[in-house]
$ cat entry_2.tsv   # TSV, C-alpha atoms
chain	number	residue	atom	x	y	z
Y	118	MET	CA	118.00	112.87	-10.52
Y	119	TYR	CA	119.21	109.50	-11.92
Y	120	PRO	CA	117.67	107.38	-14.70
Y	121	LEU	CA	116.40	104.77	-12.23
Y	122	GLU	CA	113.68	103.36	-14.45
Y	123	GLU	CA	116.03	103.00	-17.40
Y	124	ILE	CA	118.69	101.29	-15.29
Y	125	GLU	CA	116.09	98.99	-13.78
Y	126	GLU	CA	114.72	98.04	-17.21
Y	127	TYR	CA	118.24	97.43	-18.51
Y	128	VAL	CA	119.08	95.14	-15.57
Y	129	LYS	CA	115.75	93.34	-15.87
Y	130	GLU	CA	116.39	92.67	-19.56
Y	131	LYS	CA	119.99	91.55	-19.00
Y	132	THR	CA	119.02	89.15	-16.21
Y	133	LYS	CA	115.88	87.64	-17.74
Y	134	ASN	CA	117.69	84.46	-18.78
Y	135	VAL	CA	119.71	84.00	-15.59
Y	136	LYS	CA	119.85	80.33	-14.64
Y	137	LEU	CA	119.89	80.80	-10.87
Y	138	ILE	CA	116.40	81.21	-9.45
Y	139	THR	CA	117.85	82.62	-6.24
Y	140	HIS	CA	119.67	85.47	-7.99
Y	141	ALA	CA	117.15	86.48	-10.63
Y	142	PHE	CA	115.79	90.00	-11.08
Y	143	ASP	CA	113.27	89.66	-8.24
Y	144	HIS	CA	116.14	89.30	-5.75
Y	145	LEU	CA	117.98	92.30	-7.23
Y	146	LYS	CA	114.83	94.43	-7.01
Y	147	ARG	CA	114.13	93.45	-3.38
Y	148	VAL	CA	117.69	94.31	-2.36
Y	149	ALA	CA	117.47	97.62	-4.24
Y	150	ILE	CA	114.29	98.55	-2.37
Y	151	GLY	CA	115.82	97.45	0.94
Y	152	ALA	CA	119.08	99.33	0.35
Y	153	ARG	CA	117.17	102.53	-0.40
Y	154	TRP	CA	115.09	102.02	2.75
Y	155	PHE	CA	118.16	101.54	4.96
Y	156	VAL	CA	119.73	104.74	3.63
Y	157	LYS	CA	116.47	106.59	4.27
Y	158	ILE	CA	116.06	105.45	7.88
Y	159	LEU	CA	119.74	106.18	8.53
Y	160	ASP	CA	119.10	109.79	7.43
Y	161	GLY	CA	120.88	109.51	4.11
Y	162	SER	CA	120.12	112.06	1.43
Y	163	LYS	CA	117.75	111.52	-1.49
Y	164	LYS	CA	120.81	111.21	-3.72
Y	165	GLU	CA	122.28	108.48	-1.49
Y	166	GLN	CA	118.93	106.68	-1.51
Y	167	GLU	CA	118.93	106.63	-5.30
Y	168	LEU	CA	122.55	105.46	-5.45
Y	169	ALA	CA	121.73	102.69	-2.96
Y	170	TYR	CA	118.80	101.63	-5.14
Y	171	ILE	CA	121.09	101.40	-8.17
Y	172	ALA	CA	123.70	99.47	-6.15
Y	173	GLY	CA	121.03	97.02	-5.02
Y	174	LEU	CA	119.90	96.45	-8.60
Y	175	LEU	CA	123.46	95.65	-9.66
Y	176	HIS	CA	124.87	93.89	-6.59
Y	177	ASP	CA	124.55	90.35	-8.02
Y	178	VAL	CA	124.58	91.19	-11.72
Y	179	VAL	CA	127.38	88.63	-12.12
Y	180	ARG	CA	126.34	85.53	-10.21
Y	181	LEU	CA	127.45	82.20	-11.56
Y	182	ASN	CA	126.60	78.76	-10.26
Y	183	THR	CA	129.90	78.46	-8.43
Y	184	GLU	CA	131.36	79.79	-5.20
Y	185	LYS	CA	134.88	79.78	-6.67
Y	186	ILE	CA	134.51	83.12	-8.45
Y	187	PRO	CA	134.16	86.15	-6.13
Y	188	HIS	CA	130.85	87.49	-7.39
Y	189	SER	CA	130.99	90.77	-5.44
Y	190	GLU	CA	134.10	91.94	-7.25
Y	191	ALA	CA	132.86	90.68	-10.62
Y	192	SER	CA	129.50	92.40	-10.11
Y	193	ALA	CA	131.23	95.68	-9.16
Y	194	GLU	CA	133.30	95.59	-12.35
Y	195	LYS	CA	130.27	94.77	-14.49
Y	196	ALA	CA	128.31	97.56	-12.76
Y	197	LYS	CA	131.00	100.07	-13.81
Y	198	LYS	CA	130.53	99.06	-17.43
Y	199	ILE	CA	126.75	99.20	-17.20
Y	200	LEU	CA	126.74	102.59	-15.50
Y	201	ARG	CA	128.91	104.10	-18.25
Y	202	ARG	CA	125.92	103.57	-20.55
Y	203	PHE	CA	123.87	105.84	-18.31
Y	204	GLN	CA	126.57	108.51	-17.97
Y	205	LEU	CA	126.76	108.60	-14.19
Y	206	ASN	CA	129.71	110.60	-12.91
Y	207	ARG	CA	132.79	108.77	-11.67
Y	208	GLU	CA	132.29	109.70	-8.01
Y	209	ASP	CA	128.78	108.22	-8.00
Y	210	VAL	CA	129.94	105.10	-9.84
Y	211	ASP	CA	132.71	104.65	-7.26
Y	212	LYS	CA	130.20	104.90	-4.39
Y	213	ILE	CA	127.88	102.39	-6.05
Y	214	THR	CA	130.64	99.91	-6.84
Y	215	LEU	CA	132.08	100.15	-3.33
Y	216	ALA	CA	128.69	99.13	-1.90
Y	217	ILE	CA	128.53	96.25	-4.39
Y	218	ARG	CA	132.12	95.14	-3.78
Y	219	ASN	CA	131.55	94.93	-0.01
Y	220	HIS	CA	128.03	93.50	0.14
Y	221	SER	CA	129.01	89.91	0.98
Y	222	LYS	CA	130.51	90.34	4.44
Y	223	PRO	CA	130.86	93.04	7.09
Y	224	VAL	CA	133.71	95.52	6.66
Y	225	GLU	CA	134.50	98.91	8.16
Y	226	TRP	CA	131.69	100.94	6.62
Y	227	LYS	CA	132.49	104.36	5.17
Y	228	SER	CA	128.90	105.62	4.80
Y	229	VAL	CA	125.25	104.58	5.03
Y	230	LEU	CA	125.28	104.03	1.28
Y	231	HIS	CA	128.32	101.77	1.62
Y	232	GLN	CA	126.60	99.46	4.11
Y	233	SER	CA	123.09	99.63	2.62
Y	234	VAL	CA	123.39	96.74	0.15
Y	235	PHE	CA	124.97	94.48	2.77
Y	236	LEU	CA	122.16	95.24	5.22
Y	237	ALA	CA	119.40	94.75	2.65
Y	238	ASP	CA	120.91	91.57	1.23
Y	239	LYS	CA	121.68	90.00	4.59
Y	240	ILE	CA	118.81	91.18	6.80
Y	241	PHE	CA	115.95	91.03	4.31
Y	242	GLU	CA	117.15	88.22	2.08
Y	243	LEU	CA	119.12	85.90	4.36
Y	244	MET	CA	117.64	86.01	7.83
Y	245	GLY	CA	115.09	83.76	9.41
Y	246	GLY	CA	113.45	80.85	7.66
Y	247	TYR	CA	114.13	82.35	4.25
Y	248	VAL	CA	117.86	81.67	4.62
Y	249	VAL	CA	117.17	77.95	4.79
Y	250	PHE	CA	115.42	78.11	1.46
Y	251	ARG	CA	117.26	80.78	-0.51
Y	252	ARG	CA	120.92	80.10	0.25
Y	253	SER	CA	120.50	76.35	0.38
Y	254	MET	CA	118.67	76.49	-2.93
Y	255	TYR	CA	121.59	78.43	-4.41
Y	256	ILE	CA	124.07	75.85	-3.10
Y	257	GLY	CA	121.95	73.17	-4.74
Y	258	GLU	CA	122.18	75.15	-7.98
Y	259	CYS	CA	125.99	75.33	-7.74
Y	260	ARG	CA	127.60	72.85	-10.05
Y	261	ASP	CA	130.66	72.38	-7.89
Y	262	TYR	CA	129.58	72.36	-4.24
Y	263	LYS	CA	131.41	69.31	-2.87
Y	264	ASN	CA	130.33	67.43	-6.00
Y	265	LEU	CA	127.03	66.65	-4.28
Y	266	PRO	CA	123.69	66.22	-6.04
Y	267	PHE	CA	121.21	69.09	-5.69
Y	268	LYS	CA	119.21	67.77	-2.71
Y	269	GLU	CA	122.23	66.61	-0.70
Y	270	ALA	CA	124.03	69.92	-1.31
Y	271	MET	CA	121.00	71.85	-0.05
Y	272	LEU	CA	120.55	69.71	3.05
Y	273	SER	CA	124.23	69.80	4.00
Y	274	TYR	CA	124.56	73.57	3.68
Y	275	TRP	CA	121.64	75.19	5.48
Y	276	PRO	CA	122.91	74.62	9.07
Y	277	ILE	CA	126.21	76.28	8.11
Y	278	LYS	CA	124.48	79.40	6.81
Y	279	LEU	CA	122.26	79.78	9.86
Y	280	LYS	CA	125.35	79.99	12.07
Y	281	LEU	CA	127.13	82.49	9.81
Y	282	PHE	CA	124.82	85.49	10.14
Y	283	THR	CA	123.75	85.71	13.75
Y	284	PRO	CA	122.33	88.97	15.12
Y	285	ARG	CA	125.81	89.93	16.42
Y	286	THR	CA	127.02	90.20	12.81
Y	287	PHE	CA	125.03	93.42	12.35
Y	288	PRO	CA	125.29	96.97	13.73
Y	289	LYS	CA	123.59	97.41	17.13
Y	290	THR	CA	121.00	99.69	15.54
Y	291	PHE	CA	119.55	96.74	13.63
Y	292	ARG	CA	120.04	93.85	16.02
Y	293	ARG	CA	116.45	93.87	17.26
Y	294	LEU	CA	115.22	93.70	13.67
Y	295	VAL	CA	117.67	90.88	12.93
Y	296	GLU	CA	116.71	89.01	16.10
Y	297	LYS	CA	113.08	89.04	14.98
Y	298	ARG	CA	114.04	87.82	11.50
Y	299	TYR	CA	116.30	85.16	13.01
Y	300	GLU	CA	113.42	83.76	15.10
Y	301	ILE	CA	111.25	83.16	12.04

$ encode --input "entry_2.tsv" --output "structure tokens"
Amino acid sequence: MYPLEEIEEYVKEKTKNVKLITHAFDHLKRVAIGARWFVKILDGSKKEQELAYIAGLLHDVVRLNTEKIPHSEASAEKAKKILRRFQLNREDVDKITLAIRNHSKPVEWKSVLHQSVFLADKIFELMGGYVVFRRSMYIGECRDYKNLPFKEAMLSYWPIKLKLFTPRTFPKTFRRLVEKRYEI
């Protein structure tokens, strides 16, 4: 239905020189797979699954080594430009960019597609022991986090992140899954 392979190759090529290890193509691909999976288990259509996959691929396409620029909004705008190249219709682009724009924190979800990137990014990529590594590593990569050196920035941040996404942050449907990830 959609040119998934072409979009994936385009994103892979455009992100091959990204400086942040934590937001390289591997992360985008994992979130894309997770977003598609969440839509599938929430009884979303095949079309919604494909749109979720695309949204996952593009959700962090603009990710700089600073927390001062809202990356969700910037990634949504960049995604619009990228998707024009692949001639997706406006309605589909709007659905994809809404999922990207709202992937950083819980909002009032409009559809399974809308919440899919948030769920994949936060449950699969941020929960459990992995959060200590991945998010803290990103903070270490940030050039402006409290003007701390890499190691000190990492060590000061991880306890904050663990408290931010507790199982109660997520829909009841997924709390048992999150609780298991949180124990790791």

$ atom_distance --input "entry_2.tsv" --atom1 "CA of Asn206 (chain Y)" --atom2 "CA of Tyr119 (chain Y)"
10.6 Å

$ residues_around --input "entry_2.tsv" --residues "region 187-189 of chain Y" --least-positions-apart "4" --cutoff "8 Å" --atoms "only C-alpha atoms" --output "count of residues only"
11

$ atom_distance --input "entry_2.tsv" --atom1 "CA of Tyr170 (chain Y)" --atom2 "CA of Ile150 (chain Y)"
6.1 Å

$ closest_residue --input "entry_2.tsv" --among "Y:Thr214, Y:Ala172, Y:Arg207, Y:Arg285" --to "Glu190 (chain Y)" --atoms "all atoms listed in the file"
Y:Thr214

$ atom_distance --input "entry_2.tsv" --atom1 "CA of Lys164 (chain Y)" --atom2 "CA of Lys197 (chain Y)"
18.2 Å

$ closest_residue --input "entry_2.tsv" --among "Y:Gln204, Y:Ser162, Y:Ser253, Y:Gln232" --to "Met271 (chain Y)" --atoms "only C-alpha atoms"
Y:Ser253

$ residues_around --input "entry_2.tsv" --residues "Asp160 (chain Y)" --least-positions-apart "6" --cutoff "12 Å" --atoms "only C-alpha atoms" --output "VMD selection string"
chain Y and resid 153 to 154 166 228 to 230 233

$ axis_aligned_box --input "entry_2.tsv" --around "region 141-159 of chain Y" --padding-each-side "3 Å" --output "lines of an AutoDock Vina configuration file"
center_x = 116.5
center_y = 96.5
center_z = -1.3
size_x = 12.5
size_y = 26.1
size_z = 25.6

$ closest_residue --input "entry_2.tsv" --among "Y:Arg292, Y:Lys136, Y:Phe235, Y:Tyr255" --to "Leu272 (chain Y)" --atoms "all atoms listed in the file"
Y:Tyr255

$ decode --input "entry_2.tsv" --residues "region 200-236 of chain Y" --atoms "N, CA and C atoms" --output "compact mmCIF listing (two decimals), in the first residue's frame"
# COMPACT_ATOMS: atom_id res chain seq x y z
N LEU Y 200 7.81 13.12 3.58
CA LEU Y 200 6.69 12.35 3.03
C LEU Y 200 6.16 12.93 1.73
N ARG Y 201 6.38 14.22 1.49
CA ARG Y 201 6.01 14.81 0.20
C ARG Y 201 6.75 14.11 -0.94
N ARG Y 202 7.99 13.72 -0.67
CA ARG Y 202 8.80 13.02 -1.68
C ARG Y 202 8.16 11.71 -2.11
N PHE Y 203 7.40 11.11 -1.20
CA PHE Y 203 6.80 9.80 -1.45
C PHE Y 203 5.32 9.90 -1.80
N GLN Y 204 4.84 11.10 -1.96
CA GLN Y 204 3.49 11.39 -2.44
C GLN Y 204 2.38 10.74 -1.62
N LEU Y 205 2.54 10.75 -0.30
CA LEU Y 205 1.45 10.29 0.56
C LEU Y 205 0.38 11.38 0.60
N ASN Y 206 -0.87 10.98 0.74
CA ASN Y 206 -1.92 11.99 0.76
C ASN Y 206 -1.89 12.77 2.07
N ARG Y 207 -2.49 13.93 2.04
CA ARG Y 207 -2.43 14.86 3.17
C ARG Y 207 -3.01 14.26 4.45
N GLU Y 208 -4.11 13.55 4.33
CA GLU Y 208 -4.75 12.94 5.51
C GLU Y 208 -3.80 11.96 6.20
N ASP Y 209 -3.13 11.14 5.42
CA ASP Y 209 -2.18 10.18 5.98
C ASP Y 209 -0.98 10.88 6.60
N VAL Y 210 -0.48 11.91 5.93
CA VAL Y 210 0.64 12.68 6.47
C VAL Y 210 0.24 13.33 7.79
N ASP Y 211 -0.98 13.84 7.87
CA ASP Y 211 -1.45 14.46 9.12
C ASP Y 211 -1.52 13.43 10.26
N LYS Y 212 -1.97 12.22 9.97
CA LYS Y 212 -2.03 11.17 10.99
C LYS Y 212 -0.63 10.79 11.46
N ILE Y 213 0.29 10.66 10.53
CA ILE Y 213 1.67 10.32 10.86
C ILE Y 213 2.30 11.41 11.71
N THR Y 214 2.15 12.65 11.27
CA THR Y 214 2.81 13.75 11.99
C THR Y 214 2.18 14.01 13.36
N LEU Y 215 0.90 13.71 13.52
CA LEU Y 215 0.28 13.83 14.84
C LEU Y 215 0.91 12.83 15.81
N ALA Y 216 1.10 11.60 15.35
CA ALA Y 216 1.75 10.58 16.19
C ALA Y 216 3.17 10.99 16.55
N ILE Y 217 3.88 11.59 15.61
CA ILE Y 217 5.25 12.05 15.87
C ILE Y 217 5.24 13.22 16.84
N ARG Y 218 4.38 14.17 16.60
CA ARG Y 218 4.31 15.39 17.42
C ARG Y 218 4.02 15.06 18.89
N ASN Y 219 3.24 14.02 19.14
CA ASN Y 219 2.83 13.69 20.50
C ASN Y 219 3.51 12.45 21.07
N HIS Y 220 4.68 12.09 20.59
CA HIS Y 220 5.30 10.86 21.06
C HIS Y 220 6.12 11.02 22.33
N SER Y 221 6.33 12.23 22.80
CA SER Y 221 7.21 12.44 23.95
C SER Y 221 6.53 12.34 25.30
N LYS Y 222 5.24 12.60 25.36
CA LYS Y 222 4.53 12.54 26.64
C LYS Y 222 3.07 12.18 26.40
N PRO Y 223 2.41 11.64 27.41
CA PRO Y 223 1.01 11.24 27.23
C PRO Y 223 0.11 12.44 26.96
N VAL Y 224 -0.82 12.27 26.05
CA VAL Y 224 -1.84 13.27 25.74
C VAL Y 224 -3.17 12.54 25.65
N GLU Y 225 -4.22 13.24 25.30
CA GLU Y 225 -5.50 12.57 25.05
C GLU Y 225 -5.42 11.96 23.65
N TRP Y 226 -5.34 10.65 23.58
CA TRP Y 226 -5.12 9.97 22.31
C TRP Y 226 -6.37 9.96 21.46
N LYS Y 227 -6.21 10.21 20.17
CA LYS Y 227 -7.33 10.24 19.23
C LYS Y 227 -7.55 8.89 18.53
N SER Y 228 -6.52 8.06 18.49
CA SER Y 228 -6.61 6.77 17.79
C SER Y 228 -5.47 5.87 18.24
N VAL Y 229 -5.54 4.60 17.84
CA VAL Y 229 -4.44 3.69 18.16
C VAL Y 229 -3.17 4.10 17.42
N LEU Y 230 -3.32 4.59 16.22
CA LEU Y 230 -2.16 5.10 15.48
C LEU Y 230 -1.53 6.27 16.23
N HIS Y 231 -2.35 7.17 16.71
CA HIS Y 231 -1.86 8.35 17.43
C HIS Y 231 -0.99 7.97 18.62
N GLN Y 232 -1.39 6.97 19.38
CA GLN Y 232 -0.63 6.61 20.58
C GLN Y 232 0.48 5.59 20.32
N SER Y 233 0.52 5.00 19.15
CA SER Y 233 1.44 3.89 18.89
C SER Y 233 2.91 4.24 19.03
N VAL Y 234 3.32 5.40 18.55
CA VAL Y 234 4.74 5.77 18.63
C VAL Y 234 5.13 6.05 20.08
N PHE Y 235 4.25 6.72 20.81
CA PHE Y 235 4.50 6.95 22.23
C PHE Y 235 4.70 5.62 22.95
N LEU Y 236 3.78 4.69 22.75
CA LEU Y 236 3.87 3.40 23.43
C LEU Y 236 5.14 2.65 23.06
